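**Q** Got a structure for you, final_9.cif, holding mmCIF, C-alpha atoms and all ligand atoms.
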```
data_final
#
loop_
_atom_site.label_atom_id
_atom_site.label_comp_id
_atom_site.auth_asym_id
_atom_site.auth_seq_id
_atom_site.Cartn_x
_atom_site.Cartn_y
_atom_site.Cartn_z
CA MET A 698 91.95 109.05 94.06
CA THR A 699 89.02 107.17 92.52
CA ASP A 700 86.06 106.01 94.63
CA LEU A 701 87.24 102.44 94.24
CA THR A 702 90.78 103.16 95.49
CA ALA A 703 89.47 105.17 98.43
CA SER A 704 87.10 102.43 99.52
CA LEU A 705 89.75 99.69 99.10
CA LYS A 706 92.18 101.76 101.17
CA LYS A 707 89.59 102.10 103.91
CA GLU A 708 88.95 98.37 104.00
CA LEU A 709 92.67 97.57 103.99
CA GLN A 710 93.11 99.94 106.94
CA ALA A 711 90.33 98.06 108.76
CA LEU A 712 92.19 94.77 108.12
CA LYS A 713 95.35 96.31 109.59
CA GLU A 714 93.47 97.37 112.70
CA LYS A 715 92.15 93.82 113.12
CA HIS A 716 95.66 92.31 112.64
CA LEU A 717 94.44 90.60 109.46
CA PHE A 718 96.47 92.51 106.85
CA ARG A 719 98.73 90.30 104.71
CA THR A 720 101.97 91.16 102.92
CA LEU A 721 104.34 89.20 100.70
CA ARG A 722 107.79 88.18 101.89
CA VAL A 723 110.32 88.16 99.07
CA MET A 724 112.89 85.37 99.11
CA GLN A 725 116.37 85.73 97.68
CA SER A 726 117.11 82.01 97.70
CA SER A 727 115.48 78.77 96.63
CA PRO A 728 112.67 77.77 99.00
CA ASP A 729 114.46 75.15 101.09
CA ALA A 730 114.83 74.48 104.84
CA HIS A 731 117.17 77.48 105.04
CA VAL A 732 116.31 80.61 103.07
CA MET A 733 117.34 84.23 102.58
CA LEU A 734 114.60 86.77 103.32
CA ASP A 735 115.12 90.52 103.33
CA GLY A 736 118.81 89.76 102.86
CA ARG A 737 119.02 87.69 106.08
CA PRO A 738 119.29 83.91 106.65
CA PHE A 739 116.29 82.12 108.19
CA VAL A 740 115.32 78.60 109.15
CA ASN A 741 112.18 78.16 107.06
CA PHE A 742 109.12 76.51 108.61
CA ALA A 743 106.74 77.99 106.05
CA SER A 744 106.91 75.69 103.04
CA ASN A 745 104.95 72.60 102.01
CA ASN A 746 108.14 71.11 100.58
CA TYR A 747 107.78 68.16 102.94
CA LEU A 748 110.23 65.79 101.28
CA GLY A 749 112.65 68.61 100.42
CA LEU A 750 112.34 67.80 96.70
CA ALA A 751 111.65 71.32 95.36
CA ASN A 752 115.37 72.01 95.11
CA ASP A 753 116.47 68.45 94.33
CA ASP A 754 118.97 68.14 91.47
CA ARG A 755 117.14 65.16 89.92
CA LEU A 756 113.86 67.11 89.68
CA LYS A 757 115.62 70.18 88.32
CA ARG A 758 117.45 68.10 85.71
CA ALA A 759 114.20 66.42 84.63
CA ALA A 760 112.51 69.82 84.30
CA MET A 761 115.40 71.25 82.25
CA GLN A 762 115.48 68.23 79.96
CA ALA A 763 111.72 68.52 79.46
CA ILE A 764 112.07 72.16 78.46
CA GLU A 765 114.77 71.16 75.94
CA ARG A 766 112.61 68.35 74.55
CA TRP A 767 109.08 69.80 74.78
CA GLY A 768 109.49 73.57 75.09
CA ALA A 769 108.68 76.10 77.80
CA GLY A 770 104.91 75.90 77.67
CA ALA A 771 102.15 73.43 76.79
CA THR A 772 100.62 76.10 74.47
CA ALA A 773 96.98 75.01 74.74
CA SER A 774 94.39 73.44 76.98
CA ARG A 775 94.57 69.69 77.42
CA LEU A 776 91.84 68.93 74.87
CA LEU A 777 92.89 71.50 72.31
CA GLY A 778 96.47 70.32 71.84
CA GLY A 779 98.11 70.63 75.24
CA THR A 780 98.47 66.92 75.95
CA THR A 781 101.94 65.57 75.29
CA ASP A 782 103.26 62.08 75.76
CA LEU A 783 104.76 63.47 78.99
CA HIS A 784 101.29 64.39 80.35
CA ALA A 785 100.00 60.95 79.42
CA ARG A 786 102.91 59.27 81.20
CA LEU A 787 102.41 61.45 84.28
CA GLU A 788 98.72 60.53 84.44
CA ASP A 789 99.60 56.89 84.08
CA ALA A 790 102.15 57.14 86.88
CA LEU A 791 99.68 58.98 89.14
CA ALA A 792 96.97 56.40 88.59
CA ARG A 793 99.43 53.61 89.47
CA PHE A 794 100.76 55.61 92.45
CA LYS A 795 97.24 56.11 93.83
CA ARG A 796 96.16 52.59 92.79
CA THR A 797 93.26 53.81 90.68
CA GLU A 798 92.30 53.17 87.06
CA ALA A 799 93.00 56.64 85.72
CA ALA A 800 94.05 60.21 86.52
CA ALA A 801 93.57 63.73 85.17
CA VAL A 802 96.26 66.37 85.66
CA PHE A 803 95.50 70.07 86.15
CA PRO A 804 97.67 73.23 86.22
CA SER A 805 97.22 73.41 90.01
CA GLY A 806 95.48 71.72 92.91
CA TYR A 807 93.23 74.75 93.17
CA HIS A 808 92.17 74.24 89.53
CA ALA A 809 91.48 70.57 90.29
CA ASN A 810 89.09 71.28 93.16
CA LEU A 811 87.53 74.37 91.63
CA GLY A 812 86.63 72.47 88.47
CA THR A 813 85.96 68.93 89.64
CA LEU A 814 83.41 69.63 92.38
CA PRO A 815 81.07 71.61 90.10
CA ALA A 816 81.57 69.04 87.33
CA LEU A 817 80.27 66.31 89.65
CA MET A 818 77.76 68.10 91.86
CA GLY A 819 74.68 70.07 90.92
CA ALA A 820 71.74 72.02 92.30
CA GLU A 821 69.82 68.86 93.28
CA ASP A 822 72.71 67.51 95.35
CA THR A 823 73.88 68.04 98.91
CA VAL A 824 77.54 68.46 99.79
CA LEU A 825 78.68 67.69 103.32
CA LEU A 826 81.98 69.41 104.05
CA ASP A 827 84.25 69.00 107.04
CA ARG A 828 84.31 72.36 108.83
CA LEU A 829 88.07 72.77 108.23
CA CYS A 830 88.09 72.00 104.50
CA HIS A 831 90.46 74.08 102.36
CA ALA A 832 89.21 77.18 100.52
CA SER A 833 89.45 75.43 97.12
CA LEU A 834 87.02 72.72 98.29
CA ILE A 835 84.62 75.30 99.71
CA ASP A 836 84.82 77.42 96.54
CA GLY A 837 84.31 74.39 94.28
CA ALA A 838 81.34 73.24 96.36
CA ARG A 839 79.82 76.74 96.24
CA MET A 840 80.27 76.92 92.47
CA SER A 841 78.42 73.62 92.09
CA ARG A 842 75.22 75.29 93.43
CA ALA A 843 74.58 72.20 95.53
CA ARG A 844 73.16 72.59 99.04
CA LEU A 845 76.06 72.88 101.48
CA LYS A 846 76.13 71.35 104.95
CA VAL A 847 79.10 71.57 107.28
CA PHE A 848 79.90 68.84 109.79
CA ARG A 849 82.13 69.15 112.83
CA HIS A 850 85.79 68.61 112.15
CA ASN A 851 86.74 64.91 111.99
CA ASP A 852 83.51 63.98 113.79
CA PRO A 853 81.76 60.92 112.26
CA GLU A 854 78.86 61.21 114.75
CA ASP A 855 78.07 64.74 113.61
CA LEU A 856 78.50 63.62 110.00
CA GLU A 857 75.96 60.85 110.58
CA ARG A 858 73.46 63.26 112.19
CA THR A 859 73.87 65.55 109.18
CA LEU A 860 73.39 62.66 106.74
CA GLN A 861 70.20 61.64 108.56
CA ARG A 862 68.71 65.11 108.11
CA ILE A 863 69.15 65.24 104.33
CA ALA A 864 66.02 64.85 102.28
CA GLY A 865 65.52 65.16 98.52
CA ARG A 866 66.35 63.30 95.35
CA GLY A 867 69.88 64.43 94.57
CA ARG A 868 73.18 62.76 95.37
CA LYS A 869 74.90 63.19 98.70
CA TRP A 870 78.62 63.97 98.66
CA ILE A 871 80.99 63.81 101.62
CA VAL A 872 83.99 66.07 101.05
CA THR A 873 87.05 66.03 103.30
CA GLU A 874 90.80 66.33 103.36
CA SER A 875 92.72 63.22 104.42
CA ALA A 876 95.46 65.24 106.18
CA PHE A 877 94.30 68.73 107.12
CA SER A 878 96.34 71.63 105.81
CA MET A 879 96.36 73.87 108.87
CA ASP A 880 96.01 71.29 111.65
CA GLY A 881 97.96 68.38 110.20
CA ASP A 882 95.53 65.85 111.68
CA VAL A 883 94.14 62.85 109.83
CA ALA A 884 90.49 62.32 108.86
CA PRO A 885 88.73 59.17 110.14
CA LEU A 886 88.44 57.85 106.58
CA PRO A 887 87.30 54.30 107.45
CA ASP A 888 84.35 55.74 109.44
CA ILE A 889 83.57 58.24 106.71
CA VAL A 890 83.59 55.56 104.02
CA SER A 891 81.37 53.25 106.04
CA LEU A 892 78.88 56.10 106.66
CA ALA A 893 78.96 56.91 102.95
CA LYS A 894 78.04 53.29 102.19
CA ARG A 895 75.28 53.21 104.80
CA TYR A 896 73.67 56.45 103.60
CA GLY A 897 74.33 56.02 99.87
CA ALA A 898 76.72 58.99 99.67
CA CYS A 899 79.71 59.54 97.38
CA THR A 900 83.13 60.50 98.75
CA TYR A 901 85.60 63.17 97.59
CA VAL A 902 88.95 63.15 99.44
CA ASP A 903 91.64 65.84 99.06
CA GLU A 904 95.09 64.31 99.61
CA ALA A 905 97.08 67.51 99.01
CA HIS A 906 99.02 67.15 102.27
CA ALA A 907 99.13 63.34 102.39
CA THR A 908 100.49 62.65 98.91
CA GLY A 909 104.18 61.77 99.13
CA VAL A 910 104.02 61.87 102.93
CA SER A 911 101.67 59.23 104.33
CA GLY A 912 101.67 55.49 103.93
CA PRO A 913 104.69 53.24 103.52
CA GLU A 914 105.41 54.49 99.98
CA GLY A 915 103.93 57.95 100.30
CA ARG A 916 100.83 56.95 98.34
CA GLY A 917 98.61 58.82 100.82
CA ILE A 918 96.13 58.12 103.58
CA ILE A 919 93.50 56.48 101.37
CA ASN A 920 96.15 53.88 100.56
CA GLN A 921 97.29 53.67 104.19
CA PHE A 922 93.75 52.63 105.15
CA GLY A 923 93.37 50.41 102.04
CA LEU A 924 90.35 52.39 100.82
CA GLU A 925 91.26 52.90 97.15
CA LYS A 926 88.20 50.98 95.98
CA ASP A 927 85.84 52.77 98.37
CA VAL A 928 86.64 56.44 97.71
CA ASP A 929 84.99 57.87 94.59
CA VAL A 930 87.34 60.80 93.99
CA CYS A 931 90.94 61.14 95.19
CA MET A 932 92.36 64.60 94.57
CA GLY A 933 95.93 65.76 95.20
CA THR A 934 98.63 68.21 94.26
CA LEU A 935 102.10 68.02 92.74
CA SER A 936 103.02 71.22 94.55
CA LYS A 937 103.69 70.10 98.10
CA ALA A 938 105.66 66.93 98.92
CA LEU A 939 106.24 66.33 95.20
CA GLY A 940 108.09 69.64 95.07
CA GLY A 941 106.71 71.08 91.82
CA MET A 942 103.42 72.45 90.62
CA GLY A 943 100.11 71.05 89.39
CA GLY A 944 97.07 69.19 90.65
CA PHE A 945 95.38 65.88 89.88
CA VAL A 946 92.24 63.84 90.31
CA CYS A 947 92.41 60.03 90.43
CA GLY A 948 89.53 57.58 90.17
CA ASN A 949 87.99 55.20 87.68
CA ARG A 950 88.09 55.67 83.91
CA THR A 951 84.51 56.91 83.76
CA LEU A 952 85.26 59.64 86.29
CA VAL A 953 88.25 60.80 84.26
CA GLU A 954 86.25 60.75 80.99
CA TRP A 955 83.63 62.88 82.78
CA ILE A 956 86.35 65.38 83.78
CA HIS A 957 87.55 65.55 80.17
CA ASN A 958 84.02 66.39 79.08
CA ARG A 959 82.55 68.42 81.91
CA CYS A 960 85.25 70.00 84.06
CA ARG A 961 85.64 73.64 83.09
CA SER A 962 89.05 74.22 84.71
CA PHE A 963 90.39 71.18 82.82
CA ILE A 964 88.78 72.14 79.51
CA TYR A 965 89.43 75.89 79.51
CA SER A 966 92.92 76.33 80.97
CA THR A 967 96.34 75.78 79.43
CA ALA A 968 97.88 72.43 80.33
CA LEU A 969 100.54 71.96 82.98
CA SER A 970 103.96 73.01 81.63
CA PRO A 971 106.31 70.22 80.41
CA ALA A 972 108.85 71.18 83.10
CA CYS A 973 106.27 70.62 85.85
CA ALA A 974 105.06 67.35 84.35
CA ALA A 975 108.61 65.99 84.11
CA SER A 976 109.63 67.01 87.63
CA ALA A 977 106.45 65.45 89.04
CA LEU A 978 107.16 62.18 87.22
CA THR A 979 110.64 62.11 88.74
CA ALA A 980 109.26 62.98 92.19
CA ILE A 981 106.80 60.07 92.10
CA GLY A 982 109.66 57.70 91.27
CA LEU A 983 111.72 59.06 94.18
CA CYS A 984 108.77 58.77 96.53
CA LEU A 985 108.41 55.09 95.71
CA SER A 986 112.11 54.25 95.83
CA ASP A 987 113.26 56.25 98.86
CA SER A 988 111.49 56.05 102.20
CA ALA A 989 114.38 57.60 104.15
CA ARG A 990 113.08 61.16 103.65
CA ARG A 991 109.66 60.21 104.97
CA GLN A 992 111.15 58.46 107.97
CA LYS A 993 113.28 61.48 108.80
CA LEU A 994 110.27 63.78 108.40
CA PHE A 995 108.20 61.79 110.90
CA ARG A 996 111.12 61.62 113.32
CA LEU A 997 111.60 65.41 113.16
CA SER A 998 107.88 65.91 113.58
CA ALA A 999 107.77 63.76 116.74
CA ARG A 1000 110.78 65.69 118.10
CA LEU A 1001 109.18 69.09 117.48
CA ARG A 1002 105.80 68.04 118.86
CA GLN A 1003 107.42 66.70 121.99
CA GLY A 1004 109.59 69.81 122.37
CA LEU A 1005 106.51 72.03 122.12
CA GLY A 1006 104.64 69.90 124.66
CA LEU A 1007 101.95 68.88 122.16
CA GLU A 1008 99.84 65.74 122.53
CA PRO A 1009 100.83 62.80 120.31
CA ALA A 1010 98.71 62.75 117.16
CA SER A 1011 95.67 60.49 117.00
CA ARG A 1012 95.24 58.12 114.02
CA GLY A 1013 98.87 57.33 113.24
CA PRO A 1014 102.14 59.21 113.50
CA ALA A 1015 102.07 63.02 113.35
CA GLY A 1016 102.89 64.40 109.93
CA PRO A 1017 104.95 67.44 109.02
CA ILE A 1018 102.31 70.11 109.82
CA ILE A 1019 102.44 71.27 113.42
CA PRO A 1020 99.99 73.95 114.56
CA TYR A 1021 100.97 76.06 117.57
CA LEU A 1022 97.70 77.58 118.70
CA LEU A 1023 97.56 81.10 120.12
CA GLY A 1024 93.94 82.13 119.63
CA SER A 1025 94.13 85.84 118.87
CA GLU A 1026 95.48 87.27 115.65
CA LYS A 1027 97.53 89.80 117.60
CA ALA A 1028 99.27 87.13 119.71
CA ALA A 1029 100.04 85.03 116.62
CA LEU A 1030 101.53 88.02 114.80
CA ARG A 1031 103.55 89.00 117.84
CA LEU A 1032 105.07 85.54 118.27
CA SER A 1033 105.78 85.22 114.56
CA LYS A 1034 107.60 88.58 114.71
CA SER A 1035 109.67 87.52 117.76
CA LEU A 1036 110.74 84.35 115.94
CA TRP A 1037 111.50 86.38 112.81
CA GLU A 1038 113.86 88.57 114.84
CA LYS A 1039 115.70 85.40 115.90
CA GLY A 1040 116.02 84.03 112.35
CA VAL A 1041 113.03 81.65 112.34
CA PHE A 1042 110.39 82.04 109.61
CA ALA A 1043 107.04 80.70 110.86
CA PRO A 1044 104.17 82.83 109.60
CA ALA A 1045 101.04 83.62 111.62
CA ILE A 1046 97.98 81.86 110.21
CA ARG A 1047 94.85 83.92 110.78
CA PRO A 1048 91.19 83.97 109.72
CA PRO A 1049 89.79 83.39 107.17
CA THR A 1050 92.43 80.68 106.60
CA VAL A 1051 91.52 79.25 110.04
CA PRO A 1052 88.36 79.84 112.12
CA LYS A 1053 88.13 82.95 114.32
CA GLY A 1054 89.79 82.45 117.70
CA THR A 1055 92.23 79.81 116.38
CA ALA A 1056 95.05 81.98 115.02
CA ARG A 1057 98.31 80.10 115.20
CA LEU A 1058 101.80 79.58 113.98
CA ARG A 1059 101.98 76.72 111.51
CA PHE A 1060 105.33 74.96 111.61
CA SER A 1061 105.81 72.78 108.57
CA LEU A 1062 108.83 70.54 108.44
CA THR A 1063 110.81 69.24 105.53
CA ALA A 1064 113.17 66.29 105.32
CA ASN A 1065 115.93 68.85 104.74
CA HIS A 1066 115.60 70.25 108.27
CA SER A 1067 118.08 68.97 110.82
CA ASP A 1068 117.67 68.01 114.48
CA GLU A 1069 119.54 71.25 115.26
CA ASP A 1070 116.94 73.32 113.35
CA VAL A 1071 114.17 71.71 115.36
CA ASP A 1072 116.00 72.07 118.68
CA ALA A 1073 116.77 75.71 117.91
CA VAL A 1074 113.11 76.59 117.38
CA ILE A 1075 112.11 74.75 120.57
CA ARG A 1076 114.78 76.67 122.51
CA ILE A 1077 113.74 80.01 121.06
CA LEU A 1078 110.05 79.37 121.75
CA ARG A 1079 110.83 78.63 125.38
CA HIS A 1080 112.50 82.01 125.71
CA VAL A 1081 110.12 84.33 123.88
C1 LIG B 1101 93.97 70.92 101.11
C2 LIG B 1101 94.42 71.65 99.90
N1 LIG B 1101 93.82 71.40 98.73
C3 LIG B 1101 94.18 72.04 97.61
C4 LIG B 1101 95.18 72.99 97.60
C5 LIG B 1101 95.54 73.68 96.33
O1 LIG B 1101 96.68 73.11 95.79
P1 LIG B 1101 97.71 73.95 94.90
O2 LIG B 1101 98.58 74.71 95.84
O3 LIG B 1101 98.44 72.91 94.12
O4 LIG B 1101 96.90 74.87 94.04
C6 LIG B 1101 95.83 73.29 98.80
C7 LIG B 1101 96.90 74.31 98.82
O5 LIG B 1101 97.34 74.81 99.78
C8 LIG B 1101 95.45 72.61 99.98
O6 LIG B 1101 96.03 72.86 101.15
#
```
Can you dump the structure from the file as structure tokens?
Ligand SMILES: Cc1ncc(COP(=O)(O)O)c(C=O)c1O
**A**
Amino acid sequence: MTDLTASLKKELQALKEKHLFRTLRVMQSSPDAHVMLDGRPFVNFASNNYLGLANDDRLKRAAMQAIERWGAGATASRLLGGTTDLHARLEDALARFKRTEAAAVFPSGYHANLGTLPALMGAEDTVLLDRLCHASLIDGARMSRARLKVFRHNDPEDLERTLQRIAGRGRKWIVTESAFSMDGDVAPLPDIVSLAKRYGACTYVDEAHATGVSGPEGRGIINQFGLEKDVDVCMGTLSKALGGMGGFVCGNRTLVEWIHNRCRSFIYSTALSPACAASALTAIGLCLSDSARRQKLFRLSARLRQGLGLEPASRGPAGPIIPYLLGSEKAALRLSKSLWEKGVFAPAIRPPTVPKGTARLRFSLTANHSDEDVDAVIRILRHV
């Protein structure tokens, strides 16, 4: 065994002892509300397929037709030759969907955050991040070499105190999610935007979990609050409610031209595949034309929250992400295992994904779940 392997093994063993070791679960079915895992059927509460579109025939048909028409891969980075008419139409549709001037599409949401933050922020600047921001926002902010400050989760008063303490010449950036990935709660965007105006800060809002879900047409929480003109950068993904893969940044034309010229993950990575671009275009159309899935999702969410005895959500109806807090990693793993034995797949979420002491099960709903699925998990949780 080499020195490297021996030391990795030792560290992996330490993770196991701390209940932080992670393994992959292999699925033998498409990732829908009901799945096959290890050869057994499960009700699946582990996907971000909120609208249940990942396995939708219309998206699959669009992807297959795009492969026939455009080929399997985009073959080059966006600037080098990887931009087809399909990518241009998708960016157009995203800009209209988010009510902005323009959009830039990336191979994933992670790419979008990892490249866009360092393209916009530099060593002179200060980035103020909500404490529960996603890893891709933290990593992008770190790569920018800006000074990082963390404010208390969804707390405009703490944000204001932090803004007051910033000195120096650079820009100030407030970075937040609009719907938080592991807690499902909504950021106080109107307060954040008004603080940004008062203190001359720019705003970067990640709508990964709001896109397709929130607002009357699924346009997101920025739209729900009518803040399209006030937020500088709106980021999102095609990989959650839109059922496919890819990321995007929406904003004004100048912002998008800047991304084309300065964003390394846009410039130096192969473009989104034609299949993904086509399925995303179809998903946006479905989002706009069909609100029934969203309505069902919010109804199921209220039913599950009530069944679990959780408080109603603040700032609007509760979305599809429902955290069931346990605290210790061991307790979260134990409960996840008990549910697993009863045919419910709800993985334990542990640090570093969530802060220490807040390990949990994260139930995420899709419009393809039924009332019976929700009632079954409530019943099982009462017994275990
Ligand atoms: C808040 C947030 N931003 C960005 C991403 C990255 O998006 P993608 O999965 O498309 O890479 C995620 C993924 O989980 C996320 O939760």
**Q** Give me the residues near range 768-785 of chain A as a VMD selection string, where near means some atom within 6 Å (using all atoms listed in the file) and where sequence neighbours in that chain fewer than 5 positions away do not count.
**A** chain A and resid 966 to 968 970
**Q** May I have a table of the residues of chain A lying at most 10 Å from ligand LIG 1101 (chain B), giving each one's closest pair of atoms and their distance in Å to one decimal, counting only C-alpha atoms and all ligand atoms, ordered by chain and ascending residue number, as JSON lines?
**A**
```
{"residue": "A:Asn745", "atom": "CA", "partner": "B:LIG1101", "partner_atom": "O5", "distance": 8.2}
{"residue": "A:Phe803", "atom": "CA", "partner": "B:LIG1101", "partner_atom": "O3", "distance": 9.0}
{"residue": "A:Pro804", "atom": "CA", "partner": "B:LIG1101", "partner_atom": "O3", "distance": 7.9}
{"residue": "A:Ser805", "atom": "CA", "partner": "B:LIG1101", "partner_atom": "O4", "distance": 4.3}
{"residue": "A:Gly806", "atom": "CA", "partner": "B:LIG1101", "partner_atom": "O3", "distance": 3.4}
{"residue": "A:Tyr807", "atom": "CA", "partner": "B:LIG1101", "partner_atom": "O4", "distance": 3.8}
{"residue": "A:His808", "atom": "CA", "partner": "B:LIG1101", "partner_atom": "O4", "distance": 6.6}
{"residue": "A:Ala809", "atom": "CA", "partner": "B:LIG1101", "partner_atom": "O4", "distance": 7.9}
{"residue": "A:Asn810", "atom": "CA", "partner": "B:LIG1101", "partner_atom": "C3", "distance": 6.8}
{"residue": "A:Leu811", "atom": "CA", "partner": "B:LIG1101", "partner_atom": "C3", "distance": 9.2}
{"residue": "A:Leu829", "atom": "CA", "partner": "B:LIG1101", "partner_atom": "C1", "distance": 9.4}
{"residue": "A:Cys830", "atom": "CA", "partner": "B:LIG1101", "partner_atom": "C1", "distance": 6.9}
{"residue": "A:His831", "atom": "CA", "partner": "B:LIG1101", "partner_atom": "C1", "distance": 4.9}
{"residue": "A:Ala832", "atom": "CA", "partner": "B:LIG1101", "partner_atom": "N1", "distance": 7.6}
{"residue": "A:Ser833", "atom": "CA", "partner": "B:LIG1101", "partner_atom": "C3", "distance": 5.8}
{"residue": "A:Leu834", "atom": "CA", "partner": "B:LIG1101", "partner_atom": "N1", "distance": 6.9}
{"residue": "A:Thr873", "atom": "CA", "partner": "B:LIG1101", "partner_atom": "C1", "distance": 8.8}
{"residue": "A:Glu874", "atom": "CA", "partner": "B:LIG1101", "partner_atom": "C1", "distance": 6.0}
{"residue": "A:Ser875", "atom": "CA", "partner": "B:LIG1101", "partner_atom": "C1", "distance": 8.5}
{"residue": "A:Ala876", "atom": "CA", "partner": "B:LIG1101", "partner_atom": "C1", "distance": 7.8}
{"residue": "A:Phe877", "atom": "CA", "partner": "B:LIG1101", "partner_atom": "C1", "distance": 6.4}
{"residue": "A:Ser878", "atom": "CA", "partner": "B:LIG1101", "partner_atom": "O6", "distance": 4.8}
{"residue": "A:Met879", "atom": "CA", "partner": "B:LIG1101", "partner_atom": "O6", "distance": 7.8}
{"residue": "A:Val902", "atom": "CA", "partner": "B:LIG1101", "partner_atom": "C1", "distance": 9.4}
{"residue": "A:Asp903", "atom": "CA", "partner": "B:LIG1101", "partner_atom": "C1", "distance": 6.0}
{"residue": "A:Glu904", "atom": "CA", "partner": "B:LIG1101", "partner_atom": "C1", "distance": 6.9}
{"residue": "A:Ala905", "atom": "CA", "partner": "B:LIG1101", "partner_atom": "C2", "distance": 5.0}
{"residue": "A:His906", "atom": "CA", "partner": "B:LIG1101", "partner_atom": "C1", "distance": 6.4}
{"residue": "A:Ala907", "atom": "CA", "partner": "B:LIG1101", "partner_atom": "C1", "distance": 9.3}
{"residue": "A:Met932", "atom": "CA", "partner": "B:LIG1101", "partner_atom": "N1", "distance": 8.1}
{"residue": "A:Gly933", "atom": "CA", "partner": "B:LIG1101", "partner_atom": "C3", "distance": 7.0}
{"residue": "A:Thr934", "atom": "CA", "partner": "B:LIG1101", "partner_atom": "O3", "distance": 4.7}
{"residue": "A:Leu935", "atom": "CA", "partner": "B:LIG1101", "partner_atom": "O3", "distance": 6.3}
{"residue": "A:Ser936", "atom": "CA", "partner": "B:LIG1101", "partner_atom": "O3", "distance": 4.9}
{"residue": "A:Lys937", "atom": "CA", "partner": "B:LIG1101", "partner_atom": "O3", "distance": 7.2}
{"residue": "A:Gly941", "atom": "CA", "partner": "B:LIG1101", "partner_atom": "O3", "distance": 8.8}
{"residue": "A:Met942", "atom": "CA", "partner": "B:LIG1101", "partner_atom": "O3", "distance": 6.1}
{"residue": "A:Gly943", "atom": "CA", "partner": "B:LIG1101", "partner_atom": "O3", "distance": 5.3}
{"residue": "A:Gly944", "atom": "CA", "partner": "B:LIG1101", "partner_atom": "O3", "distance": 5.3}
{"residue": "A:Phe945", "atom": "CA", "partner": "B:LIG1101", "partner_atom": "O3", "distance": 8.8}
```
**Q** Check the smallest atom-to-atom distance from each of A:Phe995, A:Phe963, A:Phe742, A:Trp767 to Leu1058 in chain A using only C-alpha atoms, then report the winner.
**A**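 Distance minimum relative to Leu1058 in chain A lands on A:Phe742.
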**Q** Could you pull out every residue with an atom within 8 Å of (75.3, 64.4, 91.0), file coordinates, counting all atoms listed in the file, and send them as a list in words?
**A**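 Residues satisfying the cut-off, written out: Leu817, Met818, Gly819, Glu821, Asp822, Gly867, Arg868 and Lys869 of chain A.
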**Q** Starting from 8 Å padding per side, set up an axis-aligned box that covers all listed atoms of range 705-712 of chain A and hand over centre and edge lengths in Å, one decimal, as JSON.
**A**
```
{"center_x": 91.0, "center_y": 98.4, "center_z": 103.9, "size_x": 20.2, "size_y": 23.3, "size_z": 25.7}
```
**Q** Rank nothing, just name the residue among A:Leu734, A:Ala703, A:Leu814, A:Cys931 nearest to Ser962 in chain A, using all atoms listed in the file.
**A**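 Among A:Leu734, A:Ala703, A:Leu814, A:Cys931, it is A:Leu814 that comes nearest to Ser962 in chain A.
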**Q** Of the residues A:Ser1025, A:Gly812, A:Ser1035, A:Ile956, which is the one nearest to Lys1053 in chain A, using all atoms listed in the file?
**A**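 For Lys1053 in chain A, the nearest of the given residues is A:Ser1025.
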**Q** So, counting all atoms listed in the file, which residue among A:Gly948, A:Pro913, A:Pro885, A:Gly1040 is closest to Val930 in chain A?
**A**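 Under the stated criterion, the closest residue is A:Gly948.
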**Q** Have a look at A:Arg849, A:Arg793, A:Arg1057, A:Arg786 and name the one nearest to Ala1045 in chain A; count all atoms listed in the file.
**A**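 Smallest distance to Ala1045 in chain A is found for A:Arg1057.
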**Q** How many Å separate CA of Val723 in chain A from CA of Asp735 in chain A?
**A** 6.8 Å
**Q** Residues near Gly923 in chain A, anyone? I mean within 12 Å using only C-alpha atoms, not counting same-chain ones fewer than 2 positions away, as a list in words.
**A**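 Residues near the query, excluding close chain neighbours: Lys795, Arg796, Thr797, Leu886, Pro887, Val890, Gly912, Pro913, Arg916, Gly917, Ile918, Ile919, Asn920, Gln921, Glu925, Lys926, Asp927 and Val928 of chain A.
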**Q** Looking at A:Thr823, A:Ser704, A:Ser744, A:Ser891, which one is nearest to Ala1064 in chain A, with distances taken over only C-alpha atoms?
**A**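 Of the candidates, the smallest distance to Ala1064 in chain A is held by A:Ser744.
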**Q** The residues within 8 Å of (78.7, 59.0, 110.5), using all atoms listed in the file and the coordinates of the file, should be reported as a list in words; which are they?
**A**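 Residues with an atom close enough to that point: Asp852, Pro853, Glu854, Asp855, Leu856, Glu857, Arg858, Leu860, Asp888, Ile889, Ser891, Leu892 and Ala893 of chain A.
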**Q** Do you have the CA of Gly940 in chain A-CA of Ala989 in chain A distance handy?
**A**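 These two atoms are separated by 16.3 Å.
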**Q** What is the distance between CA of Asp880 in chain A and CA of Asp1072 in chain A, in Å to one decimal?
**A**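 Distance between the two atoms: 21.2 Å.
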